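Participant: The following file, query39.cif, comprises mmCIF, C-alpha atoms:
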data_work
#
loop_
_atom_site.label_atom_id
_atom_site.label_comp_id
_atom_site.auth_asym_id
_atom_site.auth_seq_id
_atom_site.Cartn_x
_atom_site.Cartn_y
_atom_site.Cartn_z
CA ALA X 1 93.82 239.04 241.74
CA ALA X 2 91.76 235.86 241.38
CA VAL X 3 88.47 237.69 241.82
CA GLN X 4 89.51 240.24 239.22
CA ARG X 5 90.56 237.60 236.69
CA ALA X 6 87.34 235.65 237.24
CA GLY X 7 85.22 238.76 236.61
CA LEU X 8 83.51 238.54 240.01
CA VAL X 9 84.34 241.98 241.38
CA ASP X 10 80.93 243.48 240.56
CA ALA X 11 79.02 240.44 241.84
CA LEU X 12 80.84 240.43 245.17
CA SER X 13 80.40 244.20 245.45
CA ASP X 14 76.61 243.96 245.19
CA ALA X 15 75.35 246.28 247.94
CA SER X 16 72.03 244.42 248.14
CA ALA X 17 73.70 241.06 248.79
CA ASN X 18 74.47 239.42 252.12
CA TYR X 19 77.35 237.04 251.42
CA THR X 20 79.59 234.83 253.50
CA VAL X 21 83.05 234.59 251.94
CA PHE X 22 85.71 232.12 253.05
CA ALA X 23 88.85 233.96 251.94
CA PRO X 24 92.07 231.97 251.32
CA THR X 25 95.32 233.66 252.28
CA ASN X 26 98.17 234.26 249.81
CA ALA X 27 99.92 231.18 251.18
CA ALA X 28 96.78 229.13 250.58
CA PHE X 29 96.63 230.29 246.95
CA ALA X 30 100.33 229.60 246.46
CA THR X 31 99.79 226.01 247.58
CA PHE X 32 96.72 225.65 245.36
CA LEU X 33 98.62 226.92 242.30
CA ALA X 34 101.60 224.64 242.96
CA ASP X 35 99.40 221.58 243.57
CA ASN X 36 97.63 222.15 240.25
CA ASN X 37 100.74 223.02 238.21
CA PHE X 38 99.86 226.66 237.66
CA ASN X 39 102.58 229.31 237.81
CA SER X 40 100.15 232.10 238.67
CA VAL X 41 96.46 232.94 238.90
CA ASP X 42 96.64 234.07 235.28
CA ASP X 43 97.30 230.48 234.22
CA VAL X 44 94.05 229.19 235.70
CA PRO X 45 91.25 228.98 233.10
CA VAL X 46 88.65 231.65 233.88
CA ASP X 47 85.73 229.22 234.03
CA VAL X 48 87.61 226.98 236.46
CA LEU X 49 88.67 229.96 238.57
CA GLN X 50 85.10 231.26 238.72
CA GLN X 51 83.77 227.98 240.08
CA VAL X 52 86.62 227.60 242.57
CA LEU X 53 86.00 231.10 243.92
CA LEU X 54 82.21 230.69 244.02
CA ASN X 55 82.83 227.50 246.02
CA HIS X 56 84.05 229.85 248.78
CA VAL X 57 80.87 231.95 248.85
CA LEU X 58 77.54 231.37 250.59
CA GLY X 59 74.50 233.34 249.48
CA THR X 60 73.58 234.33 253.04
CA GLU X 61 75.53 235.88 255.90
CA VAL X 62 76.67 233.30 258.45
CA LYS X 63 78.60 234.54 261.48
CA ALA X 64 80.89 232.13 263.32
CA ALA X 65 78.50 231.85 266.26
CA ASP X 66 75.73 230.74 263.89
CA VAL X 67 77.70 227.96 262.20
CA THR X 68 76.52 224.45 263.00
CA THR X 69 78.10 221.23 261.82
CA GLY X 70 76.51 220.34 258.50
CA TYR X 71 76.14 221.16 254.84
CA PHE X 72 75.87 224.59 253.25
CA ASN X 73 75.06 225.56 249.64
CA THR X 74 77.87 227.49 247.99
CA LEU X 75 77.39 229.60 244.86
CA ALA X 76 79.39 227.14 242.72
CA THR X 77 77.11 225.21 240.39
CA TYR X 78 76.89 221.58 239.32
CA GLY X 79 77.72 220.87 235.67
CA THR X 80 75.90 223.16 233.28
CA SER X 81 73.12 223.87 235.77
CA THR X 82 72.48 227.41 236.95
CA ASP X 83 70.38 226.48 239.99
CA THR X 84 71.94 223.28 241.40
CA TYR X 85 74.59 224.34 243.87
CA ILE X 86 77.67 222.56 245.14
CA ASP X 87 77.71 221.98 248.91
CA MET X 88 80.40 222.34 251.53
CA PHE X 89 80.60 220.49 254.84
CA ILE X 90 81.61 222.54 257.86
CA ASN X 91 82.69 220.69 260.98
CA THR X 92 82.49 222.98 264.00
CA ASP X 93 84.89 220.68 265.84
CA GLY X 94 87.96 222.62 264.76
CA LEU X 95 86.12 224.78 262.19
CA VAL X 96 87.18 222.70 259.18
CA ILE X 97 85.63 222.91 255.71
CA ASN X 98 85.44 219.74 253.59
CA GLY X 99 87.98 218.08 255.84
CA GLY X 100 90.93 220.15 254.61
CA SER X 101 90.49 223.90 254.96
CA ASN X 102 90.69 225.45 258.42
CA ILE X 103 88.89 228.64 259.33
CA VAL X 104 91.60 230.71 261.01
CA THR X 105 89.97 234.14 261.38
CA THR X 106 86.25 234.79 261.74
CA ASP X 107 83.66 237.55 261.48
CA ILE X 108 85.41 240.21 259.40
CA ASP X 109 82.38 242.41 258.80
CA ALA X 110 81.67 244.02 255.46
CA SER X 111 78.79 246.19 254.29
CA ASN X 112 77.31 243.31 252.29
CA GLY X 113 78.22 240.29 254.40
CA VAL X 114 81.00 238.71 256.39
CA VAL X 115 84.44 237.27 255.64
CA HIS X 116 86.17 234.34 257.34
CA THR X 117 89.82 233.62 256.50
CA VAL X 118 90.83 230.05 255.58
CA ASP X 119 94.27 228.48 255.34
CA ALA X 120 93.63 226.40 252.19
CA VAL X 121 91.74 226.90 248.96
CA ILE X 122 88.52 224.88 249.19
CA GLY X 123 88.57 222.47 246.26
CA ILE X 124 85.39 221.61 244.40
CA PRO X 125 84.23 218.48 246.31
CA LYS X 126 83.57 215.08 244.84
CA ILE X 127 81.47 212.44 246.59
CA PRO X 128 84.35 210.93 248.62
CA THR X 129 85.15 214.40 249.99
CA PHE X 130 81.83 214.46 251.81
CA ALA X 131 82.28 210.93 253.15
CA VAL X 132 85.74 211.69 254.54
CA ALA X 133 84.84 215.16 255.88
CA ASN X 134 81.75 214.05 257.80
CA PRO X 135 82.71 211.96 260.87
CA ASP X 136 79.25 210.36 260.80
CA PHE X 137 80.31 208.51 257.63
CA SER X 138 83.58 207.13 259.04
CA ILE X 139 82.43 203.49 259.00
CA LEU X 140 81.23 203.91 255.42
CA VAL X 141 84.72 205.14 254.51
CA GLN X 142 86.22 202.07 256.22
CA ALA X 143 83.91 199.85 254.18
CA LEU X 144 84.61 201.61 250.88
CA THR X 145 88.38 201.34 251.33
CA ARG X 146 88.67 197.84 252.81
CA ALA X 147 91.84 196.27 251.44
CA ASP X 148 90.35 192.87 250.53
CA LEU X 149 87.74 194.28 248.14
CA THR X 150 88.32 193.92 244.40
CA THR X 151 87.49 197.62 243.92
CA ASN X 152 88.57 200.64 245.94
CA TYR X 153 85.20 202.34 245.92
CA ALA X 154 86.56 205.62 247.25
CA THR X 155 88.76 205.82 244.14
CA PHE X 156 85.88 204.67 241.93
CA LEU X 157 83.63 207.43 243.32
CA GLU X 158 86.29 210.02 242.47
CA GLY X 159 85.49 209.34 238.81
CA ASP X 160 83.48 211.52 236.46
CA GLY X 161 80.12 209.96 237.31
CA PRO X 162 77.60 211.34 237.72
CA PHE X 163 76.88 209.14 240.72
CA THR X 164 74.01 209.10 243.18
CA VAL X 165 74.96 207.53 246.49
CA PHE X 166 72.66 206.62 249.37
CA ALA X 167 75.10 206.84 252.28
CA PRO X 168 74.45 204.94 255.55
CA THR X 169 75.47 206.69 258.75
CA ASN X 170 77.63 205.13 261.46
CA ALA X 171 74.48 204.30 263.42
CA ALA X 172 73.14 202.49 260.34
CA PHE X 173 76.26 200.33 260.16
CA ALA X 174 76.14 199.61 263.89
CA ALA X 175 72.54 198.44 263.47
CA LEU X 176 73.58 196.22 260.56
CA LEU X 177 76.22 194.46 262.63
CA THR X 178 73.60 193.75 265.28
CA GLU X 179 71.13 192.56 262.65
CA LEU X 180 73.71 190.18 261.17
CA ASN X 181 74.85 189.07 264.62
CA VAL X 182 78.49 190.04 263.99
CA THR X 183 80.77 192.29 266.01
CA GLN X 184 82.74 194.23 263.41
CA LEU X 185 82.86 195.16 259.75
CA SER X 186 85.64 192.65 259.06
CA ASP X 187 83.25 189.82 259.97
CA ILE X 188 81.38 190.47 256.73
CA ASP X 189 83.02 188.66 253.83
CA ALA X 190 84.35 190.70 250.92
CA ALA X 191 81.88 189.44 248.30
CA THR X 192 78.90 190.28 250.50
CA LEU X 193 80.28 193.70 251.39
CA GLU X 194 80.91 194.54 247.73
CA ALA X 195 77.37 193.55 246.80
CA VAL X 196 76.01 195.72 249.62
CA LEU X 197 78.16 198.75 248.75
CA THR X 198 77.31 198.68 245.04
CA TYR X 199 73.62 198.41 245.99
CA HIS X 200 73.90 201.95 247.41
CA VAL X 201 75.11 203.47 244.14
CA VAL X 202 72.44 204.49 241.63
CA THR X 203 73.25 204.17 237.94
CA ILE X 204 70.85 206.68 236.37
CA GLY X 205 72.82 209.89 236.90
CA ASN X 206 72.61 212.76 239.36
CA VAL X 207 69.30 211.96 241.07
CA GLN X 208 68.16 214.68 243.46
CA ALA X 209 65.31 214.27 245.93
CA GLY X 210 62.93 216.11 243.61
CA ASP X 211 63.58 213.50 240.90
CA LEU X 212 62.25 210.67 243.08
CA SER X 213 58.62 209.60 242.73
CA GLU X 214 56.16 207.42 244.62
CA GLY X 215 56.75 203.73 243.88
CA GLN X 216 59.81 204.42 241.73
CA MET X 217 62.06 201.44 241.04
CA VAL X 218 65.65 202.66 241.24
CA PRO X 219 68.39 200.61 239.49
CA THR X 220 71.73 200.21 241.25
CA ALA X 221 75.31 199.35 240.32
CA GLN X 222 74.81 195.98 242.04
CA GLY X 223 72.35 195.03 239.32
CA ALA X 224 69.17 194.90 241.41
CA SER X 225 66.77 197.74 242.20
CA PHE X 226 65.09 199.18 245.26
CA THR X 227 61.75 200.96 245.62
CA VAL X 228 61.14 204.53 246.78
CA THR X 229 58.02 205.62 248.66
CA LEU X 230 57.31 209.24 249.59
CA ALA X 231 54.09 209.15 251.63
CA GLY X 232 54.84 209.91 255.27
CA GLY X 233 58.45 210.76 254.50
CA ALA X 234 60.89 209.49 251.89
CA LYS X 235 61.76 205.83 252.38
CA ILE X 236 63.45 202.99 250.54
CA THR X 237 62.27 199.38 250.48
CA ASP X 238 65.29 197.23 249.66
CA GLY X 239 65.58 193.77 248.12
CA ALA X 240 65.28 192.16 251.54
CA SER X 241 61.93 193.96 252.09
CA ARG X 242 63.45 196.20 254.78
CA GLU X 243 62.41 199.85 255.07
CA THR X 244 64.97 202.65 255.36
CA ASN X 245 64.47 206.38 255.92
CA ILE X 246 66.18 208.99 253.77
CA ILE X 247 67.31 211.45 256.44
CA ALA X 248 69.30 214.03 254.47
CA THR X 249 69.07 214.85 250.79
CA ASP X 250 70.81 216.65 247.92
CA ILE X 251 74.36 216.86 249.25
CA GLN X 252 75.73 217.96 245.90
CA GLY X 253 79.28 217.40 244.69
CA SER X 254 80.87 218.02 241.31
CA ASN X 255 80.47 214.39 240.21
CA GLY X 256 77.20 213.47 241.84
CA VAL X 257 74.90 213.72 244.81
CA VAL X 258 74.66 212.04 248.21
CA HIS X 259 71.58 211.25 250.28
CA ALA X 260 72.05 210.03 253.85
CA ILE X 261 70.04 207.04 255.09
CA ASP X 262 69.50 205.53 258.53
CA ARG X 263 69.87 201.87 257.56
CA VAL X 264 72.25 199.87 255.37
CA LEU X 265 70.39 198.63 252.29
CA LEU X 266 70.51 194.92 251.50
CA PRO X 267 69.83 193.34 248.11
CA SER X 268 67.71 190.21 248.06
#
When written as structure tokens, how does the structure in this file appear?
Facilitator:
Amino acid sequence: AAVQRAGLVDALSDASANYTVFAPTNAAFATFLADNNFNSVDDVPVDVLQQVLLNHVLGTEVKAADVTTGYFNTLATYGTSTDTYIDMFINTDGLVINGGSNIVTTDIDASNGVVHTVDAVIGIPKIPTFAVANPDFSILVQALTRADLTTNYATFLEGDGPFTVFAPTNAAFAALLTELNVTQLSDIDAATLEAVLTYHVVTIGNVQAGDLSEGQMVPTAQGASFTVTLAGGAKITDGASRETNIIATDIQGSNGVVHAIDRVLLPS
């Protein structure tokens, strides 16, 4: 019913395609409708429904045995773009998508791809969705939500944006603690932690990897900038003259983009 209302029947019937579809059950749709105050699929605006459904479709066939933990481009698009695609994070430990939708049946073959059944509608992700879903960002989530900060950054990053976030991995935070000669995140005072966190948020919109240039000075929400170099691999030189590698790029959400880095950036 949703596919019909969204006008996607012909697209998903394309015999030349090779799709992967994560198909929510009736119970999953019932929960989605109730959570969003819709009485039926017919109450969902068509443009919204199209993007929600396309967020369940990959443009290539991926069987369960070929799934690895990581990010996959869906066919949902960012903003008004027609070629910037929203990502999903699949964790093979439990086969969970974006931290909230479980794959319950796999490898239902079709002539133009494969279907996997899921027990929850996969919502269009925002930046915090990726941080929470990926266990390698668990320390970042702890930092963003620390109770003594003046801002709950997880809530802030749920806003309209667009935001660009350079997200340090758990290993990056562990290295920072060693560098600062402290044992845990709580040893860093709130004012310092806030300055560090805001230094990872870029204030010039949805900046994808292709928008970065050699020697570019990138302004941050902290007020200072850092410098990007591309020769020999994309790197950031922060305000403390430390060099950091950009290790994953263009993790696209509906309100911005995330790039993973292997070191916590420090302003001067």
Participant: Which residues come within 10 Å of range 151-155 of chain X, counting all atoms listed in the file, excluding same-chain residues fewer than 6 positions away, as JSON, numbers by chain?
Facilitator: {"X": [127, 128, 129, 131, 132, 140, 141, 142, 143, 144, 145, 194, 197, 198]}
Participant: Which residue gives the smallest distance to Ser138 in chain X among X:Ile86, X:Ala167, X:Asp119, X:Gln252, with only C-alpha atoms counted?
Facilitator: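 Selected residue with least distance to Ser138 in chain X: X:Ala167.
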Participant: Which distance in Å separates CA of Gly100 in chain X and CA of Asp35 in chain X, to one decimal?
Facilitator: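 Computing the Euclidean distance for CA of Gly100 in chain X and CA of Asp35 in chain X yields 14.0 Å.
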Participant: Which of these, X:Ser13, X:Thr20, X:Ser101, X:Asn37, has the shortest distance to Val57 in chain X once you count only C-alpha atoms?
Facilitator: X:Thr20
Participant: Could you tell me which residues the PyMOL selection byres ((chain X and resi 96) around 12) returns for this structure, as JSON, numbers by chain?
Facilitator: {"X": [22, 67, 68, 69, 70, 71, 88, 89, 90, 91, 92, 93, 94, 95, 97, 98, 99, 100, 101, 102, 103, 104, 105, 116, 117, 118, 119, 120, 121, 122, 133, 134, 135]}
Participant: Save out the residues we just selected, C-alpha atoms, as a PDB file, keeping the file's coordinate frame.
Facilitator:
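result_19.pdb, written as the output of this step:
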ATOM      1  CA  PHE X  22      85.710 232.120 253.050  1.00  0.00           C
ATOM      2  CA  VAL X  67      77.700 227.960 262.200  1.00  0.00           C
ATOM      3  CA  THR X  68      76.520 224.450 263.000  1.00  0.00           C
ATOM      4  CA  THR X  69      78.100 221.230 261.820  1.00  0.00           C
ATOM      5  CA  GLY X  70      76.510 220.340 258.500  1.00  0.00           C
ATOM      6  CA  TYR X  71      76.140 221.160 254.840  1.00  0.00           C
ATOM      7  CA  MET X  88      80.400 222.340 251.530  1.00  0.00           C
ATOM      8  CA  PHE X  89      80.600 220.490 254.840  1.00  0.00           C
ATOM      9  CA  ILE X  90      81.610 222.540 257.860  1.00  0.00           C
ATOM     10  CA  ASN X  91      82.690 220.690 260.980  1.00  0.00           C
ATOM     11  CA  THR X  92      82.490 222.980 264.000  1.00  0.00           C
ATOM     12  CA  ASP X  93      84.890 220.680 265.840  1.00  0.00           C
ATOM     13  CA  GLY X  94      87.960 222.620 264.760  1.00  0.00           C
ATOM     14  CA  LEU X  95      86.120 224.780 262.190  1.00  0.00           C
ATOM     15  CA  ILE X  97      85.630 222.910 255.710  1.00  0.00           C
ATOM     16  CA  ASN X  98      85.440 219.740 253.590  1.00  0.00           C
ATOM     17  CA  GLY X  99      87.980 218.080 255.840  1.00  0.00           C
ATOM     18  CA  GLY X 100      90.930 220.150 254.610  1.00  0.00           C
ATOM     19  CA  SER X 101      90.490 223.900 254.960  1.00  0.00           C
ATOM     20  CA  ASN X 102      90.690 225.450 258.420  1.00  0.00           C
ATOM     21  CA  ILE X 103      88.890 228.640 259.330  1.00  0.00           C
ATOM     22  CA  VAL X 104      91.600 230.710 261.010  1.00  0.00           C
ATOM     23  CA  THR X 105      89.970 234.140 261.380  1.00  0.00           C
ATOM     24  CA  HIS X 116      86.170 234.340 257.340  1.00  0.00           C
ATOM     25  CA  THR X 117      89.820 233.620 256.500  1.00  0.00           C
ATOM     26  CA  VAL X 118      90.830 230.050 255.580  1.00  0.00           C
ATOM     27  CA  ASP X 119      94.270 228.480 255.340  1.00  0.00           C
ATOM     28  CA  ALA X 120      93.630 226.400 252.190  1.00  0.00           C
ATOM     29  CA  VAL X 121      91.740 226.900 248.960  1.00  0.00           C
ATOM     30  CA  ILE X 122      88.520 224.880 249.190  1.00  0.00           C
ATOM     31  CA  ALA X 133      84.840 215.160 255.880  1.00  0.00           C
ATOM     32  CA  ASN X 134      81.750 214.050 257.800  1.00  0.00           C
ATOM     33  CA  PRO X 135      82.710 211.960 260.870  1.00  0.00           C
TER      34      PRO X 135
END
Participant: To one decimal place, how far is CA of Val48 in chain X from CA of Ile204 in chain X in Å?
Facilitator: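 Computing the Euclidean distance for CA of Val48 in chain X and CA of Ile204 in chain X yields 26.3 Å.
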Participant: Care to translate the PyMOL selection byres ((chain X and resi 248) around 12) into actual residues of this file, as a VMD selection string?
Facilitator: chain X and resid 70 to 71 165 to 169 208 to 209 233 to 235 245 to 247 249 to 252 257 to 262
Participant: Closest to Leu75 in chain X among X:Ser268, X:Asp189, X:Val44, X:Leu8, using all atoms listed in the file?
Facilitator: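 Closest to Leu75 in chain X, using all atoms listed in the file: X:Leu8.
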Participant: Hey, which of X:Val62, X:Ile124, X:Val115, X:Leu212 ends up closest to Tyr85 in chain X? Count only C-alpha atoms.
Facilitator: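 Checking each of X:Val62, X:Ile124, X:Val115, X:Leu212 against Tyr85 in chain X, counting only C-alpha atoms, the winner is X:Ile124.
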Participant: For Gly59 in chain X, list every protein, DNA or RNA residue within 10 Å, evaluated using only C-alpha atoms, and leave out those in the same chain fewer than 2 positions away; present the list as a count of residues only.
Facilitator: 14
Participant: List, as number ranges by chain, every residue that the PyMOL selection byres ((chain X and resi 226) around 12) selects in the file provided.
Facilitator: X: 166, 199-202, 215-225, 227-229, 235-244, 265-268
Participant: Taking all atoms of range 139-152 of chain X that the file lists, what box with edges along x, y and z, padded by 3 Å per side, do you get, with centre and edge lengths in Å to one decimal, as lines of an AutoDock Vina configuration file?
Facilitator:
center_x = 86.5
center_y = 199.0
center_z = 251.5
size_x = 16.6
size_y = 18.3
size_z = 21.1
Participant: Just give me the gap between CA of Val264 in chain X and CA of Asn170 in chain X in Å, one decimal is fine.
Facilitator: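 These atoms are spaced 9.7 Å apart.
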Participant: For a quick check of understanding, using only C-alpha atoms, which of X:Val52, X:Val3, X:Ala15, X:Ala171 has the smallest distance to Tyr78 in chain X?
Facilitator: X:Val52
Participant: Determine the nearest neighbour of Gln4 in chain X from the options X:Ser40, X:Gln50, X:Asn55, X:Asn112, counting only C-alpha atoms.
Facilitator: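 Once distances to Gln4 in chain X are computed over only C-alpha atoms, the minimum belongs to X:Gln50.
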Participant: Taking N, CA, C and O atoms as the atom set, what does range 21-47 of chain X look like once completed, written as a PDB file, in the frame of the given file?
Facilitator:
ATOM      1  N   VAL X  21      81.904 234.933 252.773  1.00  0.00           N
ATOM      2  CA  VAL X  21      83.050 234.590 251.940  1.00  0.00           C
ATOM      3  C   VAL X  21      84.127 233.955 252.810  1.00  0.00           C
ATOM      4  O   VAL X  21      84.527 234.524 253.833  1.00  0.00           O
ATOM      5  N   PHE X  22      84.573 232.766 252.402  1.00  0.00           N
ATOM      6  CA  PHE X  22      85.710 232.120 253.050  1.00  0.00           C
ATOM      7  C   PHE X  22      86.933 232.459 252.211  1.00  0.00           C
ATOM      8  O   PHE X  22      87.083 231.964 251.090  1.00  0.00           O
ATOM      9  N   ALA X  23      87.781 233.341 252.731  1.00  0.00           N
ATOM     10  CA  ALA X  23      88.850 233.960 251.940  1.00  0.00           C
ATOM     11  C   ALA X  23      90.189 233.278 252.176  1.00  0.00           C
ATOM     12  O   ALA X  23      90.744 233.366 253.273  1.00  0.00           O
ATOM     13  N   PRO X  24      90.747 232.600 251.153  1.00  0.00           N
ATOM     14  CA  PRO X  24      92.070 231.970 251.320  1.00  0.00           C
ATOM     15  C   PRO X  24      93.177 233.026 251.347  1.00  0.00           C
ATOM     16  O   PRO X  24      93.141 234.014 250.603  1.00  0.00           O
ATOM     17  N   THR X  25      94.161 232.785 252.188  1.00  0.00           N
ATOM     18  CA  THR X  25      95.320 233.660 252.280  1.00  0.00           C
ATOM     19  C   THR X  25      96.199 233.506 251.031  1.00  0.00           C
ATOM     20  O   THR X  25      96.017 232.585 250.228  1.00  0.00           O
ATOM     21  N   ASN X  26      97.192 234.393 250.896  1.00  0.00           N
ATOM     22  CA  ASN X  26      98.170 234.260 249.810  1.00  0.00           C
ATOM     23  C   ASN X  26      98.880 232.910 249.860  1.00  0.00           C
ATOM     24  O   ASN X  26      99.107 232.280 248.823  1.00  0.00           O
ATOM     25  N   ALA X  27      99.241 232.473 251.051  1.00  0.00           N
ATOM     26  CA  ALA X  27      99.920 231.180 251.180  1.00  0.00           C
ATOM     27  C   ALA X  27      99.018 230.041 250.719  1.00  0.00           C
ATOM     28  O   ALA X  27      99.481 229.080 250.086  1.00  0.00           O
ATOM     29  N   ALA X  28      97.730 230.158 251.014  1.00  0.00           N
ATOM     30  CA  ALA X  28      96.780 229.130 250.580  1.00  0.00           C
ATOM     31  C   ALA X  28      96.707 229.081 249.058  1.00  0.00           C
ATOM     32  O   ALA X  28      96.700 228.002 248.451  1.00  0.00           O
ATOM     33  N   PHE X  29      96.670 230.253 248.424  1.00  0.00           N
ATOM     34  CA  PHE X  29      96.630 230.290 246.950  1.00  0.00           C
ATOM     35  C   PHE X  29      97.928 229.773 246.350  1.00  0.00           C
ATOM     36  O   PHE X  29      97.914 229.087 245.317  1.00  0.00           O
ATOM     37  N   ALA X  30      99.047 230.083 246.967  1.00  0.00           N
ATOM     38  CA  ALA X  30     100.330 229.600 246.460  1.00  0.00           C
ATOM     39  C   ALA X  30     100.363 228.080 246.452  1.00  0.00           C
ATOM     40  O   ALA X  30     100.837 227.449 245.489  1.00  0.00           O
ATOM     41  N   THR X  31      99.849 227.472 247.510  1.00  0.00           N
ATOM     42  CA  THR X  31      99.790 226.010 247.580  1.00  0.00           C
ATOM     43  C   THR X  31      98.850 225.455 246.522  1.00  0.00           C
ATOM     44  O   THR X  31      99.155 224.456 245.850  1.00  0.00           O
ATOM     45  N   PHE X  32      97.692 226.084 246.371  1.00  0.00           N
ATOM     46  CA  PHE X  32      96.720 225.650 245.360  1.00  0.00           C
ATOM     47  C   PHE X  32      97.334 225.697 243.965  1.00  0.00           C
ATOM     48  O   PHE X  32      97.191 224.755 243.175  1.00  0.00           O
ATOM     49  N   LEU X  33      98.017 226.779 243.634  1.00  0.00           N
ATOM     50  CA  LEU X  33      98.620 226.920 242.300  1.00  0.00           C
ATOM     51  C   LEU X  33      99.687 225.845 242.083  1.00  0.00           C
ATOM     52  O   LEU X  33      99.729 225.214 241.022  1.00  0.00           O
ATOM     53  N   ALA X  34     100.542 225.639 243.096  1.00  0.00           N
ATOM     54  CA  ALA X  34     101.600 224.640 242.960  1.00  0.00           C
ATOM     55  C   ALA X  34     101.028 223.234 242.822  1.00  0.00           C
ATOM     56  O   ALA X  34     101.492 222.442 241.988  1.00  0.00           O
ATOM     57  N   ASP X  35      99.999 222.925 243.610  1.00  0.00           N
ATOM     58  CA  ASP X  35      99.400 221.580 243.570  1.00  0.00           C
ATOM     59  C   ASP X  35      98.748 221.284 242.228  1.00  0.00           C
ATOM     60  O   ASP X  35      98.592 220.117 241.853  1.00  0.00           O
ATOM     61  N   ASN X  36      98.328 222.338 241.530  1.00  0.00           N
ATOM     62  CA  ASN X  36      97.630 222.150 240.250  1.00  0.00           C
ATOM     63  C   ASN X  36      98.467 222.570 239.053  1.00  0.00           C
ATOM     64  O   ASN X  36      97.952 222.740 237.941  1.00  0.00           O
ATOM     65  N   ASN X  37      99.768 222.725 239.287  1.00  0.00           N
ATOM     66  CA  ASN X  37     100.740 223.020 238.210  1.00  0.00           C
ATOM     67  C   ASN X  37     100.453 224.316 237.473  1.00  0.00           C
ATOM     68  O   ASN X  37     100.622 224.403 236.252  1.00  0.00           O
ATOM     69  N   PHE X  38     100.015 225.329 238.214  1.00  0.00           N
ATOM     70  CA  PHE X  38      99.860 226.660 237.660  1.00  0.00           C
ATOM     71  C   PHE X  38     100.975 227.546 238.212  1.00  0.00           C
ATOM     72  O   PHE X  38     101.310 227.481 239.405  1.00  0.00           O
ATOM     73  N   ASN X  39     101.537 228.393 237.351  1.00  0.00           N
ATOM     74  CA  ASN X  39     102.580 229.310 237.810  1.00  0.00           C
ATOM     75  C   ASN X  39     101.997 230.533 238.500  1.00  0.00           C
ATOM     76  O   ASN X  39     102.628 231.117 239.379  1.00  0.00           O
ATOM     77  N   SER X  40     100.792 230.923 238.079  1.00  0.00           N
ATOM     78  CA  SER X  40     100.150 232.100 238.670  1.00  0.00           C
ATOM     79  C   SER X  40      98.644 231.985 238.469  1.00  0.00           C
ATOM     80  O   SER X  40      98.162 231.106 237.736  1.00  0.00           O
ATOM     81  N   VAL X  41      97.924 232.907 239.073  1.00  0.00           N
ATOM     82  CA  VAL X  41      96.460 232.940 238.900  1.00  0.00           C
ATOM     83  C   VAL X  41      96.094 233.116 237.436  1.00  0.00           C
ATOM     84  O   VAL X  41      95.080 232.594 236.970  1.00  0.00           O
ATOM     85  N   ASP X  42      96.930 233.820 236.693  1.00  0.00           N
ATOM     86  CA  ASP X  42      96.640 234.070 235.280  1.00  0.00           C
ATOM     87  C   ASP X  42      96.666 232.809 234.432  1.00  0.00           C
ATOM     88  O   ASP X  42      96.165 232.807 233.307  1.00  0.00           O
ATOM     89  N   ASP X  43      97.261 231.741 234.960  1.00  0.00           N
ATOM     90  CA  ASP X  43      97.300 230.480 234.220  1.00  0.00           C
ATOM     91  C   ASP X  43      96.060 229.630 234.429  1.00  0.00           C
ATOM     92  O   ASP X  43      95.855 228.645 233.714  1.00  0.00           O
ATOM     93  N   VAL X  44      95.244 229.964 235.408  1.00  0.00           N
ATOM     94  CA  VAL X  44      94.050 229.190 235.700  1.00  0.00           C
ATOM     95  C   VAL X  44      92.948 229.578 234.713  1.00  0.00           C
ATOM     96  O   VAL X  44      92.636 230.771 234.588  1.00  0.00           O
ATOM     97  N   PRO X  45      92.347 228.628 234.007  1.00  0.00           N
ATOM     98  CA  PRO X  45      91.250 228.980 233.100  1.00  0.00           C
ATOM     99  C   PRO X  45      90.153 229.745 233.851  1.00  0.00           C
ATOM    100  O   PRO X  45      89.820 229.406 234.995  1.00  0.00           O
ATOM    101  N   VAL X  46      89.615 230.769 233.204  1.00  0.00           N
ATOM    102  CA  VAL X  46      88.650 231.650 233.880  1.00  0.00           C
ATOM    103  C   VAL X  46      87.445 230.888 234.385  1.00  0.00           C
ATOM    104  O   VAL X  46      86.982 231.118 235.510  1.00  0.00           O
ATOM    105  N   ASP X  47      86.919 229.940 233.579  1.00  0.00           N
ATOM    106  CA  ASP X  47      85.730 229.220 234.030  1.00  0.00           C
ATOM    107  C   ASP X  47      86.029 228.363 235.252  1.00  0.00           C
ATOM    108  O   ASP X  47      85.191 228.250 236.165  1.00  0.00           O
TER     109      ASP X  47
END
